[in-house]
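Below: start.txt (compact mmCIF, C-alpha atoms and all ligand atoms)
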# COMPACT_ATOMS: atom_id res chain seq x y z
CA MET N 1 -24.42 66.52 107.57
CA SER N 2 -21.19 67.45 109.11
CA GLU N 3 -18.61 69.64 107.35
CA PRO N 4 -15.05 68.37 107.08
CA SER N 5 -13.16 69.78 109.99
CA GLY N 6 -10.48 72.43 109.52
CA LYS N 7 -7.93 70.02 110.96
CA ASN N 8 -8.61 67.42 108.30
CA SER N 9 -8.38 70.03 105.50
CA SER N 10 -5.01 71.20 106.73
CA GLN N 11 -3.75 67.56 106.84
CA ALA N 12 -4.63 67.08 103.15
CA LYS N 13 -2.42 70.00 102.05
CA PRO N 14 1.34 69.52 101.90
CA SER N 15 3.03 71.55 104.55
CA PRO N 16 6.37 73.39 104.01
CA GLY N 17 7.89 70.74 106.21
CA ASP N 18 6.60 68.04 103.87
CA ARG N 19 8.29 69.76 100.87
CA VAL N 20 11.62 69.77 102.71
CA SER N 21 11.22 66.01 103.42
CA ALA N 22 10.60 65.27 99.72
CA GLY N 23 13.65 67.29 98.77
CA ASP N 24 15.68 65.34 101.30
CA ALA N 25 14.43 62.08 99.83
CA VAL N 26 15.51 63.12 96.31
CA GLY N 27 18.86 64.25 97.63
CA GLY N 28 19.24 60.98 99.52
CA ARG N 29 18.54 58.93 96.40
CA ARG N 30 21.10 60.95 94.43
CA ALA N 31 23.69 60.47 97.15
CA PHE N 32 22.96 56.74 97.24
CA GLY N 33 23.28 56.54 93.43
CA ALA N 34 26.58 58.39 93.58
CA GLU N 35 27.87 55.98 96.24
CA VAL N 36 26.87 52.95 94.14
CA LEU N 37 28.54 54.47 91.07
CA ALA N 38 31.68 55.16 93.08
CA LEU N 39 31.68 51.60 94.37
CA VAL N 40 31.28 50.17 90.84
CA CYS N 41 34.03 52.42 89.46
CA GLY N 42 36.29 51.57 92.39
CA GLY N 43 35.63 47.86 91.89
CA LEU N 44 36.40 48.09 88.17
CA ALA N 45 39.56 50.05 88.85
CA THR N 46 40.69 47.36 91.28
CA LEU N 47 39.64 44.33 89.26
CA THR N 48 41.00 45.45 85.87
CA PRO N 49 44.69 45.22 86.82
CA VAL N 50 44.00 42.00 88.72
CA ALA N 51 42.34 40.46 85.62
CA ALA N 52 45.16 41.72 83.40
CA GLY N 53 47.74 40.21 85.75
CA LEU N 54 45.86 36.90 85.85
CA TRP N 55 45.71 36.83 82.05
CA MET N 56 49.46 37.50 81.80
CA PHE N 57 50.04 34.74 84.35
CA LEU N 58 47.90 32.19 82.50
CA ASP N 59 48.95 33.21 78.99
CA PRO N 60 52.11 31.05 78.83
CA LEU N 61 50.06 27.99 79.80
CA ARG N 62 47.49 28.81 77.11
CA LYS N 63 50.18 29.30 74.46
CA ARG N 64 52.00 26.18 75.53
CA SER N 65 48.91 24.00 75.24
CA ALA N 66 47.98 25.48 71.87
CA ALA N 67 51.38 25.20 70.22
CA ALA N 68 52.35 22.00 68.40
CA GLU N 69 56.05 21.45 68.91
CA PHE N 70 58.63 19.46 66.95
CA LEU N 71 60.00 16.98 69.46
CA PRO N 72 62.96 14.62 69.04
CA VAL N 73 61.83 11.00 69.26
CA ALA N 74 64.62 8.82 67.85
CA GLN N 75 67.82 8.60 65.87
CA ALA N 76 67.11 7.82 62.21
CA SER N 77 69.75 5.09 62.41
CA SER N 78 67.58 3.26 64.96
CA ILE N 79 64.75 2.78 62.43
CA PRO N 80 65.50 -0.09 60.06
CA ALA N 81 64.54 0.72 56.46
CA ASP N 82 62.42 -2.38 56.09
CA GLY N 83 58.94 -0.85 55.82
CA VAL N 84 57.98 -2.09 59.29
CA PRO N 85 56.94 0.69 61.75
CA ARG N 86 58.59 0.92 65.16
CA GLN N 87 57.00 2.51 68.17
CA PHE N 88 58.80 5.30 70.08
CA PRO N 89 57.66 7.23 73.14
CA VAL N 90 57.20 10.98 72.85
CA VAL N 91 58.86 12.64 75.83
CA ALA N 92 58.56 16.28 76.76
CA ASP N 93 58.47 18.65 79.68
CA ARG N 94 54.85 18.81 80.76
CA LEU N 95 52.92 21.50 82.57
CA ASP N 96 49.90 20.37 84.58
CA ALA N 97 48.25 23.63 85.63
CA TRP N 98 51.14 25.28 87.51
CA THR N 99 53.18 22.15 88.17
CA GLY N 100 55.98 21.29 85.75
CA PHE N 101 57.11 17.72 85.04
CA ALA N 102 60.47 17.31 83.30
CA SER N 103 60.87 14.68 80.55
CA GLU N 104 57.50 12.96 80.95
CA PRO N 105 56.06 10.52 78.36
CA ILE N 106 53.17 12.36 76.69
CA GLY N 107 52.32 9.88 73.93
CA ALA N 108 53.81 7.55 71.34
CA VAL N 109 54.45 7.51 67.62
CA TYR N 110 55.21 4.91 64.99
CA LEU N 111 58.12 5.73 62.71
CA CYS N 112 58.56 3.83 59.48
CA ARG N 113 61.22 3.90 56.76
CA GLN N 114 60.48 2.33 53.43
CA LYS N 115 62.65 -0.39 51.99
CA VAL N 116 65.48 1.00 49.92
CA SER N 117 67.71 -1.23 47.84
CA GLY N 118 71.21 -0.61 46.53
CA PRO N 119 73.87 1.74 47.88
CA GLU N 120 71.27 4.07 49.43
CA GLN N 121 69.98 1.33 51.69
CA GLY N 122 69.04 2.77 55.06
CA SER N 123 68.43 6.34 53.91
CA GLY N 124 64.71 6.03 53.19
CA GLU N 125 62.30 8.80 54.10
CA VAL N 126 60.65 8.55 57.49
CA GLN N 127 56.89 8.47 57.97
CA ALA N 128 55.34 9.18 61.37
CA PHE N 129 51.93 8.21 62.75
CA SER N 130 50.37 8.89 66.10
CA ALA N 131 49.98 5.62 68.02
CA THR N 132 46.59 6.82 69.28
CA CYS N 133 43.64 5.12 67.61
CA PRO N 134 41.33 7.66 65.92
CA HIS N 135 38.30 5.66 67.05
CA ALA N 136 38.41 6.10 70.83
CA GLY N 137 42.00 6.73 71.76
CA CYS N 138 43.48 3.29 72.59
CA PHE N 139 47.08 2.58 71.65
CA VAL N 140 47.35 0.87 68.28
CA GLU N 141 49.64 -2.18 68.12
CA ILE N 142 51.59 -4.00 65.43
CA ASP N 143 50.07 -7.26 64.19
CA PRO N 144 53.20 -9.19 63.19
CA VAL N 145 51.23 -12.00 61.57
CA GLU N 146 49.07 -9.92 59.23
CA LYS N 147 51.75 -7.19 59.02
CA CYS N 148 49.44 -4.30 59.81
CA PHE N 149 48.43 -1.96 62.64
CA ARG N 150 45.60 -3.29 64.80
CA CYS N 151 43.78 -1.66 67.68
CA PRO N 152 43.19 -4.06 70.60
CA CYS N 153 40.10 -2.20 71.83
CA HIS N 154 37.60 -2.60 68.97
CA ASN N 155 39.73 -4.23 66.28
CA SER N 156 40.29 -1.34 63.88
CA LYS N 157 42.87 -2.33 61.32
CA PHE N 158 45.29 -0.16 59.31
CA THR N 159 47.97 -0.91 56.75
CA PHE N 160 51.55 0.16 57.47
CA ASP N 161 51.02 3.29 55.37
CA GLY N 162 48.26 4.32 57.82
CA SER N 163 45.27 3.57 55.56
CA MET N 164 42.22 2.10 57.26
CA VAL N 165 41.17 -1.43 56.32
CA ALA N 166 37.39 -1.89 56.14
CA PRO N 167 35.41 -2.94 58.06
CA SER N 168 36.85 -1.00 61.00
CA PRO N 169 35.02 1.10 63.60
CA SER N 170 37.60 3.87 63.23
CA PRO N 171 36.10 6.87 61.40
CA ARG N 172 39.39 7.68 59.62
CA ALA N 173 42.91 6.51 58.78
CA MET N 174 45.71 6.73 61.31
CA ASP N 175 46.84 10.26 62.06
CA ALA N 176 50.02 11.03 60.13
CA LEU N 177 52.36 13.51 61.80
CA GLU N 178 54.84 15.90 60.21
CA CYS N 179 58.40 14.78 60.74
CA ARG N 180 61.92 15.35 59.43
CA ILE N 181 65.47 14.14 59.96
CA GLU N 182 67.72 16.81 61.44
CA LYS N 183 71.39 17.24 60.43
CA ASN N 184 72.47 15.37 63.55
CA GLY N 185 70.41 12.37 62.43
CA GLU N 186 67.64 12.97 64.96
CA VAL N 187 64.05 12.38 63.84
CA VAL N 188 61.81 15.17 65.08
CA VAL N 189 58.03 14.89 64.99
CA LYS N 190 55.45 17.66 65.16
CA TRP N 191 53.52 16.28 68.10
CA GLU N 192 49.77 16.86 68.00
CA ASN N 193 46.73 15.19 69.52
CA PHE N 194 43.57 14.95 67.43
CA TYR N 195 39.91 14.51 68.34
CA THR N 196 38.86 10.89 68.23
CA GLY N 197 35.55 9.47 66.96
CA ILE N 198 35.11 11.93 64.08
CA ALA N 199 35.94 11.63 60.38
CA GLY N 200 38.00 14.84 60.26
CA LYS N 201 41.55 15.12 61.60
CA VAL N 202 41.01 18.06 63.95
CA PRO N 203 43.88 19.02 66.33
CA ARG N 204 43.07 19.35 70.02
CA LEU N 205 44.36 22.69 71.26
S1 LIG C 1 39.72 2.55 70.16
FE1 LIG C 1 40.68 1.63 68.51
S2 LIG C 1 39.14 0.52 67.54
FE2 LIG C 1 38.14 1.51 69.16
Kindly present the structure from the file in structure tokens form.
Ligand code: FES
Amino acid sequence: MSEPSGKNSSQAKPSPGDRVSAGDAVGGRRAFGAEVLALVCGGLATLTPVAAGLWMFLDPLRKRSAAAEFLPVAQASSIPADGVPRQFPVVADRLDAWTGFASEPIGAVYLCRQKVSGPEQGSGEVQAFSATCPHAGCFVEIDPVEKCFRCPCHNSKFTFDGSMVAPSPSPRAMDALECRIEKNGEVVVKWENFYTGIAGKVPRL
């Protein structure tokens, strides 16, 4: 049997040089970790103001799309007080991403004034409805024969006060909109779009 040689025994023991190498390795890992940490911190320090600036830049667009505005749509005198709705375009300045469009049609409303008899004729309250069908978003029309609203797409039918006439595929009545007559006689409507195809009247923001 041969004894393990002295050379082999000395190879199994860690040499002082080996201990220095291990220390270097630990030091190297620490230095690498510190560099990564510095890079992450530097990246965060750079990106935070960029993200804040981007948010400030986009914020007006976000607010604009979320806010429902009162928009002028007609002169009250142009709506005969005969209980028959009239359609009016809704016109507003529009922002499409970063491009602005001045005075663009963004939808349509029906305005209706109830019949008033006697000396107050013509001063009836105004009702406003979105012309968008709550079923799938087509434009609702006036049926002059049956004197009602009718949607040409799937034949939903509504009375002039916006109530739905069954059977209709629409899940709800027409969407009434807030409106008022200003001192100058202008009818302003709180313009909102609502989700279609659901029973609830939920504004799209
Ligand atoms: S979109 Fe109006 S009935 Fe379907």
Please identify all protein, DNA and RNA residues within 7 Å of ligand LIG 1 (chain C), counting all atoms listed in the file, and report them as a PDB file with C-alpha atoms, keeping the file's coordinate frame.
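Output file part07.pdb is given in full below:
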ATOM      1  CA  CYS N 133      43.640   5.120  67.610  1.00  0.00           C
ATOM      2  CA  PRO N 134      41.330   7.660  65.920  1.00  0.00           C
ATOM      3  CA  HIS N 135      38.300   5.660  67.050  1.00  0.00           C
ATOM      4  CA  ALA N 136      38.410   6.100  70.830  1.00  0.00           C
ATOM      5  CA  GLY N 137      42.000   6.730  71.760  1.00  0.00           C
ATOM      6  CA  CYS N 138      43.480   3.290  72.590  1.00  0.00           C
ATOM      7  CA  VAL N 140      47.350   0.870  68.280  1.00  0.00           C
ATOM      8  CA  CYS N 151      43.780  -1.660  67.680  1.00  0.00           C
ATOM      9  CA  PRO N 152      43.190  -4.060  70.600  1.00  0.00           C
ATOM     10  CA  CYS N 153      40.100  -2.200  71.830  1.00  0.00           C
ATOM     11  CA  HIS N 154      37.600  -2.600  68.970  1.00  0.00           C
ATOM     12  CA  ASN N 155      39.730  -4.230  66.280  1.00  0.00           C
ATOM     13  CA  SER N 156      40.290  -1.340  63.880  1.00  0.00           C
ATOM     14  CA  PRO N 169      35.020   1.100  63.600  1.00  0.00           C
ATOM     15  CA  SER N 170      37.600   3.870  63.230  1.00  0.00           C
TER      16      SER N 170
END
Task: Atomic distance CA of Cys179 (chain N) - CA of Thr99 (chain N), expressed in Å with one decimal - done: 28.9 Å
TODO: Can you pull out every residue within 6 Å of region 85-90 of chain N, counting only C-alpha atoms, but drop anything in the same chain fewer than 3 positions away, and send it as JSON, numbers by chain?
DONE: {"N": [73, 105, 106, 107, 108, 109, 110, 111, 112]}
Keeping only C-alpha atoms, write the selected residues as a short mmCIF file (atom, residue, chain, number, x, y, z; two decimals), in the frame of the given file.
data_model
loop_
_atom_site.label_atom_id
_atom_site.label_comp_id
_atom_site.auth_asym_id
_atom_site.auth_seq_id
_atom_site.Cartn_x
_atom_site.Cartn_y
_atom_site.Cartn_z
CA VAL N 73 61.83 11.00 69.26
CA PRO N 105 56.06 10.52 78.36
CA ILE N 106 53.17 12.36 76.69
CA GLY N 107 52.32 9.88 73.93
CA ALA N 108 53.81 7.55 71.34
CA VAL N 109 54.45 7.51 67.62
CA TYR N 110 55.21 4.91 64.99
CA LEU N 111 58.12 5.73 62.71
CA CYS N 112 58.56 3.83 59.48
#
Task: Between CA of Gln75 (chain N) and CA of Ala173 (chain N) - distance in Å to one decimal - done: 26.0 Å
Open item on the list: At a cut-off of 7 Å, using all atoms listed in the file, what residues contact Glu186 (chain N)? Leave out same-chain residues fewer than 5 positions from it and give the result as a ChimeraX atom specification.
Closed with: /N:72,74-76,181
Open item on the list: Please report the interatomic distance between CA of Asp161 (chain N) and CA of Tyr195 (chain N) in Å with one decimal.
Closed with: 20.4 Å
Could you model all heavy atoms for region 75-86 of chain N and present them as a short mmCIF file (atom, residue, chain, number, x, y, z; two decimals), keeping the file's coordinate frame?
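Output saved as result23.cif:
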data_model
loop_
_atom_site.label_atom_id
_atom_site.label_comp_id
_atom_site.auth_asym_id
_atom_site.auth_seq_id
_atom_site.Cartn_x
_atom_site.Cartn_y
_atom_site.Cartn_z
N GLN N 75 66.77 8.43 66.87
CA GLN N 75 67.82 8.60 65.87
C GLN N 75 67.36 7.85 64.62
O GLN N 75 66.85 6.73 64.71
CB GLN N 75 69.14 8.01 66.38
CG GLN N 75 69.87 8.90 67.38
CD GLN N 75 70.39 10.20 66.78
OE1 GLN N 75 70.88 10.20 65.65
NE2 GLN N 75 70.25 11.30 67.51
N ALA N 76 67.54 8.47 63.46
CA ALA N 76 67.11 7.82 62.21
C ALA N 76 67.78 6.45 62.05
O ALA N 76 67.17 5.51 61.53
CB ALA N 76 67.46 8.72 61.03
N SER N 77 69.02 6.35 62.56
CA SER N 77 69.75 5.09 62.41
C SER N 77 69.10 3.94 63.20
O SER N 77 69.39 2.77 62.95
CB SER N 77 71.20 5.26 62.86
OG SER N 77 71.22 5.76 64.18
N SER N 78 68.21 4.31 64.15
CA SER N 78 67.58 3.26 64.96
C SER N 78 66.29 2.74 64.31
O SER N 78 65.60 1.90 64.90
CB SER N 78 67.29 3.77 66.37
OG SER N 78 66.35 4.84 66.31
N ILE N 79 65.97 3.25 63.11
CA ILE N 79 64.75 2.78 62.43
C ILE N 79 65.18 2.00 61.19
O ILE N 79 65.59 2.59 60.18
CB ILE N 79 63.87 3.97 62.00
CG1 ILE N 79 63.72 4.98 63.14
CG2 ILE N 79 62.50 3.49 61.53
CD1 ILE N 79 63.22 6.32 62.66
N PRO N 80 65.10 0.69 61.23
CA PRO N 80 65.50 -0.09 60.06
C PRO N 80 64.63 0.26 58.84
O PRO N 80 63.43 0.44 58.97
CB PRO N 80 65.24 -1.54 60.49
CG PRO N 80 65.15 -1.49 61.99
CD PRO N 80 64.63 -0.14 62.34
N ALA N 81 65.28 0.37 57.68
CA ALA N 81 64.54 0.72 56.46
C ALA N 81 63.95 -0.54 55.85
O ALA N 81 64.33 -0.98 54.75
CB ALA N 81 65.48 1.42 55.48
N ASP N 82 63.02 -1.13 56.56
CA ASP N 82 62.42 -2.38 56.09
C ASP N 82 60.91 -2.26 55.91
O ASP N 82 60.21 -3.25 55.72
CB ASP N 82 62.74 -3.52 57.07
CG ASP N 82 62.27 -3.19 58.49
OD1 ASP N 82 61.65 -2.13 58.69
OD2 ASP N 82 62.54 -4.00 59.41
N GLY N 83 60.38 -1.03 56.03
CA GLY N 83 58.94 -0.85 55.82
C GLY N 83 58.09 -1.25 57.01
O GLY N 83 56.86 -1.15 56.96
N VAL N 84 58.74 -1.68 58.09
CA VAL N 84 57.98 -2.09 59.29
C VAL N 84 58.07 -0.96 60.33
O VAL N 84 59.17 -0.57 60.73
CB VAL N 84 58.55 -3.40 59.89
CG1 VAL N 84 57.75 -3.78 61.15
CG2 VAL N 84 58.50 -4.52 58.87
N PRO N 85 56.92 -0.42 60.76
CA PRO N 85 56.94 0.69 61.75
C PRO N 85 57.47 0.24 63.11
O PRO N 85 57.27 -0.91 63.50
CB PRO N 85 55.47 1.11 61.86
CG PRO N 85 54.79 0.50 60.69
CD PRO N 85 55.55 -0.75 60.35
N ARG N 86 58.14 1.14 63.78
CA ARG N 86 58.59 0.92 65.16
C ARG N 86 57.97 1.99 66.05
O ARG N 86 57.86 3.14 65.64
CB ARG N 86 60.10 1.05 65.26
CG ARG N 86 60.94 -0.22 65.10
CD ARG N 86 60.67 -1.00 63.88
NE ARG N 86 61.58 -2.13 63.71
CZ ARG N 86 61.81 -2.68 62.52
NH1 ARG N 86 61.20 -2.22 61.43
NH2 ARG N 86 62.62 -3.71 62.42
#
